[in-house]
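Chemist: This is the structure I have questions about; it appears just below.
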Amino acid sequence: MNEIVSRAPENIFDTWGLYRKIVNSNHMFHKEIYADIAEALQPSPRNFTLLDLGSGDAAHLAPVLAQLPIGSYCGVDLSLTALGFAGQNLSMLACPVELQHGDLLQVLKGKKGRYDVVFTSFALHHLDARQKADFFKAAHAHLNTGGFLLMVDTVREEHEDLPGYLEAYCTWVHKWQGIDNEEQGLVCRHILDNDFPETLSTLKVFSQQAGFASCQAISRYKWHSVLRFGR
């Protein structure tokens, strides 16, 4: 039975309908990315445990996990709307499912116990540099021996500064098909106000400082990367 544990007020910037429209149009390469995620999670040990930070509606991850021997799933998100959809999408899993409402970094720091996989998708770039460093430390502390952090996120090119990235990304957004001008403007406003992606080299430094032994760049689609950090 799915359990939702509420810890924080609803996100007033909840535009999940627009995000789903973007995802369904594959503008952020979800189709390719989750094929890579499925491969990265195999082979998985029987009854492996997974903590999903910034779970969203779990629409793409749920069918991947349904094909694996997962023992338990815990998803965390700031949007109650997204968690409501996640409860529906994750009902296909036979394992226990917990959905927790709250800020992913605060929840991670307050959690007890360890997981075989910590997963996060398009969430870390909303944190500032200090918070990202704290995230890696907390994620490492909550992984079992042999576990890993699997991350999907936007990552700047090594030569790109943040203003250059924001301009380039928003220019690309305005070329998206199936998203009208007003919606493109909403996406760009969200990006300009909330996105602080790092370069891969900076993420590697954060992971090494946190104690991770390895960083593998699995795939990259424009700025959208799949990364695996081994404990």
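Residues in the structure tokens are named by chain (A, B, ... in the order shown) and by number from 1 within that chain; ligands are numbered from 1 in the order shown.
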Residues at most 10 Å from stretch 202-206 of chain A, counting only C-alpha atoms, excluding those fewer than 4 positions away in the same chain, as a compact mmCIF listing (two decimals) with N, CA and C atoms, in the first residue's frame?
Modeler:
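Written out: result.txt:
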```txt
# COMPACT_ATOMS: atom_id res chain seq x y z
N ALA A 129 25.76 25.70 -4.79
CA ALA A 129 26.98 24.88 -4.73
C ALA A 129 27.16 24.24 -3.36
N ARG A 130 26.95 25.01 -2.30
CA ARG A 130 27.11 24.45 -0.95
C ARG A 130 26.11 23.34 -0.70
N LYS A 132 24.72 21.44 -2.96
CA LYS A 132 25.10 20.27 -3.77
C LYS A 132 26.18 19.46 -3.05
N ALA A 133 27.18 20.15 -2.49
CA ALA A 133 28.23 19.46 -1.75
C ALA A 133 27.63 18.70 -0.56
N ASP A 134 26.68 19.33 0.13
CA ASP A 134 26.01 18.67 1.26
C ASP A 134 25.21 17.46 0.78
N PHE A 135 24.59 17.60 -0.39
CA PHE A 135 23.82 16.49 -0.94
C PHE A 135 24.71 15.27 -1.17
N PHE A 136 25.86 15.47 -1.78
CA PHE A 136 26.74 14.33 -2.04
C PHE A 136 27.18 13.66 -0.74
N LYS A 137 27.48 14.46 0.28
CA LYS A 137 27.89 13.89 1.56
C LYS A 137 26.77 13.08 2.19
N VAL A 155 23.88 19.50 -16.97
CA VAL A 155 25.29 19.72 -16.64
C VAL A 155 25.87 20.68 -17.67
N ARG A 156 26.47 21.77 -17.20
CA ARG A 156 27.07 22.75 -18.08
C ARG A 156 28.29 22.18 -18.79
N GLU A 158 32.14 22.44 -19.92
CA GLU A 158 33.25 22.92 -19.11
C GLU A 158 33.59 24.39 -19.38
N PRO A 197 23.00 24.73 -12.68
CA PRO A 197 23.77 23.51 -12.97
C PRO A 197 25.27 23.73 -12.89
N GLU A 198 25.98 22.66 -12.56
CA GLU A 198 27.43 22.69 -12.46
C GLU A 198 28.05 22.02 -13.69
N ALA A 210 33.03 13.98 -0.87
CA ALA A 210 32.04 13.25 -0.07
C ALA A 210 32.45 11.81 0.19
N GLY A 211 33.46 11.32 -0.52
CA GLY A 211 33.94 9.96 -0.29
C GLY A 211 33.60 8.97 -1.39
N PHE A 212 32.95 9.41 -2.47
CA PHE A 212 32.65 8.50 -3.57
C PHE A 212 33.94 8.08 -4.26
N SER A 214 34.15 6.61 -7.38
CA SER A 214 34.17 6.68 -8.83
C SER A 214 33.04 7.56 -9.35
N CYS A 215 33.25 8.07 -10.56
CA CYS A 215 32.22 8.83 -11.27
C CYS A 215 32.23 8.36 -12.72
N GLN A 216 31.10 7.85 -13.17
CA GLN A 216 30.97 7.38 -14.55
C GLN A 216 29.93 8.21 -15.28
N LEU A 227 24.66 10.16 -14.79
CA LEU A 227 25.92 9.96 -14.08
C LEU A 227 25.76 8.92 -12.99
N PHE A 229 27.73 7.50 -9.56
CA PHE A 229 28.78 7.71 -8.55
C PHE A 229 28.82 6.49 -7.63
```
Chemist: Can you list every residue of stretch 70-134 of chain A that has an atom at most 6 Å from stretch 48-52 of chain A, with its nearest atom pair and the distance in Å to one decimal, using only C-alpha atoms, ordered by chain then number, as JSON lines?
Modeler:
```
{"residue": "A:Ile70", "atom": "CA", "partner": "A:Phe48", "partner_atom": "CA", "distance": 4.9}
{"residue": "A:Gly71", "atom": "CA", "partner": "A:Phe48", "partner_atom": "CA", "distance": 5.1}
{"residue": "A:Ser72", "atom": "CA", "partner": "A:Thr49", "partner_atom": "CA", "distance": 5.0}
{"residue": "A:Tyr73", "atom": "CA", "partner": "A:Leu50", "partner_atom": "CA", "distance": 5.1}
{"residue": "A:Cys74", "atom": "CA", "partner": "A:Leu51", "partner_atom": "CA", "distance": 4.9}
{"residue": "A:Gly75", "atom": "CA", "partner": "A:Asp52", "partner_atom": "CA", "distance": 4.6}
{"residue": "A:Tyr115", "atom": "CA", "partner": "A:Thr49", "partner_atom": "CA", "distance": 5.2}
{"residue": "A:Asp116", "atom": "CA", "partner": "A:Thr49", "partner_atom": "CA", "distance": 5.2}
{"residue": "A:Val117", "atom": "CA", "partner": "A:Leu50", "partner_atom": "CA", "distance": 4.8}
{"residue": "A:Val118", "atom": "CA", "partner": "A:Leu51", "partner_atom": "CA", "distance": 4.8}
{"residue": "A:Phe119", "atom": "CA", "partner": "A:Asp52", "partner_atom": "CA", "distance": 4.8}
{"residue": "A:Thr120", "atom": "CA", "partner": "A:Asp52", "partner_atom": "CA", "distance": 5.7}
```
Chemist: In Å to one decimal, how far is atom CA of A:Glu183 from atom CA of A:Asp128?
Modeler: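 Computing the Euclidean distance for atom CA of A:Asp128 and atom CA of A:Glu183 yields 25.7 Å.
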Chemist: Kindly indicate which residue among A:Val152, A:Ala217, A:Leu105, A:Leu18 lies nearest to A:Ser201, using only C-alpha atoms for the distances.
Modeler: A:Ala217
Chemist: List the spatial neighbours of stretch 80-83 of chain A as a list in words - criterion: any atom at most 7 Å away, only C-alpha atoms, same-chain residues fewer than 5 positions off excluded.
Modeler: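 In the requested format, the answer is Glu10, Trp16, Gly56, Asp57, Leu99 and His101 of chain A.
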Chemist: Take the residues from that selection and write them out as a short mmCIF file (atom, residue, chain, number, x, y, z; two decimals), in the first residue's frame, keeping N, CA and C atoms.
Modeler:
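See part_32.cif below for the written result:
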```cif
data_model
loop_
_atom_site.label_atom_id
_atom_site.label_comp_id
_atom_site.auth_asym_id
_atom_site.auth_seq_id
_atom_site.Cartn_x
_atom_site.Cartn_y
_atom_site.Cartn_z
N GLU A 10 2.41 22.72 0.14
CA GLU A 10 2.43 22.49 -1.30
C GLU A 10 3.29 23.55 -2.00
N TRP A 16 2.84 21.06 -12.89
CA TRP A 16 3.15 19.69 -13.32
C TRP A 16 2.53 19.34 -14.67
N GLY A 56 9.16 13.35 -8.65
CA GLY A 56 8.16 13.75 -9.62
C GLY A 56 7.02 12.75 -9.65
N ASP A 57 6.48 12.48 -10.83
CA ASP A 57 5.37 11.53 -10.92
C ASP A 57 5.84 10.09 -11.14
N LEU A 99 5.89 7.38 -0.14
CA LEU A 99 6.03 8.67 -0.80
C LEU A 99 6.05 9.75 0.26
N HIS A 101 6.56 13.86 1.26
CA HIS A 101 6.45 15.23 0.78
C HIS A 101 7.45 16.10 1.53
#
```
Chemist: Tell me which protein, DNA and RNA residues are within 9 Å of A:Met92, counting only C-alpha atoms, leaving out same-chain ones fewer than 6 positions away, and put them as a list in words.
Modeler: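 The residues that qualify are Ala62, Pro63 and Ala66 of chain A.
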Chemist: Quick one: pick out all alpha helix (DSSP H) residues within stretch 90-123 of chain A from a backbone DSSP run and write them as a ChimeraX atom specification.
Modeler: /A:104-110
Chemist: Which residues are close to A:Leu61, i.e. within 9 Å by only C-alpha atoms, leaving aside same-chain residues fewer than 6 positions away? Reply as a list in words.
Modeler: Tyr34, Ile37, Ala38, Ser55 and Leu90 of chain A
Chemist: What would the file look like if the residues just selected were written as a PDB file, in the first residue's frame with C-alpha atoms?
Modeler:
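Saved as again.pdb:
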```
ATOM      1  CA  TYR A  34      15.411   6.028 -19.067  1.00  0.00           C
ATOM      2  CA  ILE A  37      18.714   4.075 -16.518  1.00  0.00           C
ATOM      3  CA  ALA A  38      17.269   0.616 -17.140  1.00  0.00           C
ATOM      4  CA  SER A  55      10.703  11.697  -7.703  1.00  0.00           C
ATOM      5  CA  LEU A  90       4.088   3.132  -8.776  1.00  0.00           C
TER       6      LEU A  90
END
```
Chemist: Per DSSP on the backbone, filter stretch 135-222 of chain A down to the residues in strand (DSSP E or B) and report them as a PDB file with C-alpha atoms, in the first residue's frame.
Modeler:
```
ATOM      1  CA  LEU A 143      24.351   4.160   0.766  1.00  0.00           C
ATOM      2  CA  ASN A 144      25.086   0.555   1.582  1.00  0.00           C
ATOM      3  CA  THR A 145      28.531  -0.833   0.801  1.00  0.00           C
ATOM      4  CA  GLY A 146      28.632  -1.388  -2.942  1.00  0.00           C
ATOM      5  CA  GLY A 147      25.743   1.014  -3.467  1.00  0.00           C
ATOM      6  CA  PHE A 148      25.722   3.949  -5.844  1.00  0.00           C
ATOM      7  CA  LEU A 149      24.191   7.322  -6.581  1.00  0.00           C
ATOM      8  CA  LEU A 150      22.495   7.413  -9.996  1.00  0.00           C
ATOM      9  CA  MET A 151      21.877  10.956 -11.187  1.00  0.00           C
ATOM     10  CA  VAL A 152      20.061  12.516 -14.122  1.00  0.00           C
ATOM     11  CA  ASP A 153      20.606  16.262 -14.398  1.00  0.00           C
ATOM     12  CA  THR A 154      21.520  19.200 -16.569  1.00  0.00           C
ATOM     13  CA  ARG A 156      27.066  22.749 -18.084  1.00  0.00           C
ATOM     14  CA  THR A 199      30.080  21.366 -14.826  1.00  0.00           C
ATOM     15  CA  SER A 214      34.166   6.677  -8.834  1.00  0.00           C
ATOM     16  CA  CYS A 215      32.223   8.829 -11.269  1.00  0.00           C
ATOM     17  CA  GLN A 216      30.974   7.376 -14.546  1.00  0.00           C
ATOM     18  CA  ALA A 217      29.403   9.536 -17.235  1.00  0.00           C
ATOM     19  CA  ILE A 218      26.926   7.057 -18.730  1.00  0.00           C
ATOM     20  CA  SER A 219      25.369   9.275 -21.395  1.00  0.00           C
ATOM     21  CA  ARG A 220      24.749  12.870 -22.425  1.00  0.00           C
ATOM     22  CA  TYR A 221      22.053  14.469 -24.596  1.00  0.00           C
TER      23      TYR A 221
END
```
Chemist: Neighbouring residues of A:Gln67 were defined as those with any atom within 12 Å, considering only C-alpha atoms; residues of the same chain fewer than 6 positions away were excluded. Please report them as number ranges by chain.
Modeler: A: 38-39, 41-44, 46, 61, 92-95
Chemist: Looking at only C-alpha atoms, which of A:Ala141, A:Ile22, A:Val173, A:Ala59 is the one that sits closest to A:Gly113?
Modeler: A:Ala141
Chemist: Have a look at A:Gln209, A:Ser121, A:Asn181, A:Gln131 and name the one nearest to A:His30; count only C-alpha atoms.
Modeler: A:Ser121
Chemist: Figure out the distance between atom CA of A:Arg189 and atom CA of A:Tyr169, please, to one decimal in Å.
Modeler: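 Value for the atom CA of A:Tyr169-atom CA of A:Arg189 distance: 11.6 Å.
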